[in-house]
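All remarks here apply to the structure that follows.
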Amino acid sequence: MTNKLRQDAAELRSQLETERADREEIEAELTELKQKSVVARELPEAADLFNQLKAKRKKSGASLADIELILEMIEES
């Protein structure tokens with residue numbers, strides 16, 4: 001009976017270590033994804049976007065102030 005309890009305890013310790021390792025790996029992946037998300041949300045300068053818009057649509061009615069407002073709205077969301 002004592003040997004069975006020791007064997008069970010050893011097995012539980014092994015499972016616990018595996019779970020801890022899995023959790024650390026998942027936390028590392030989550031941290032990496034969060035960092036990528038922050039990088040993905042870095043937006044270009046409003047003036048650069050405005051110039052790109054004017055290059056593609058010369059008669060666009062958008063102003064630099066409009067582009068700045070849009071970028072602010074994106075950052076707040």
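We label chains A, B, ... in the order they appear in the structure tokens, count residues from 1 in each chain, and number ligands from 1 in the order shown.
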Chain A: which residues are helix (DSSP H, G or I) by DSSP, as JSON, numbers by chain? {"A": [2, 3, 4, 5, 6, 7, 8, 9, 10, 11, 12, 13, 14, 15, 16, 17, 18, 19, 20, 21, 22, 23, 24, 25, 26, 27, 28, 29, 30, 31, 32, 33, 34, 35, 36, 37, 38, 39, 40, 46, 47, 48, 49, 50, 51, 52, 53, 54, 55, 56, 64, 65, 66, 67, 68, 69, 70, 71, 72, 73, 74, 75, 76]}
Surrounding residues of region 42-48 of chain A excluding itself and chain neighbours under 5 positions, 10 Å, only C-alpha atoms, as a ChimeraX atom specification: /A:37,53-54,63-72,74-75
Please measure the separation of CA of Lys34 (chain A) and CA of Leu49 (chain A), giving the value in Å to one decimal. 25.5 Å
Could you state the separation of CA of Lys36 (chain A) and CA of Gln52 (chain A) in Å, given to one decimal place? 25.0 Å
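Here CA of Met73 (chain A) is placed at a distance of 26.2 Å from CA of Leu30 (chain A).
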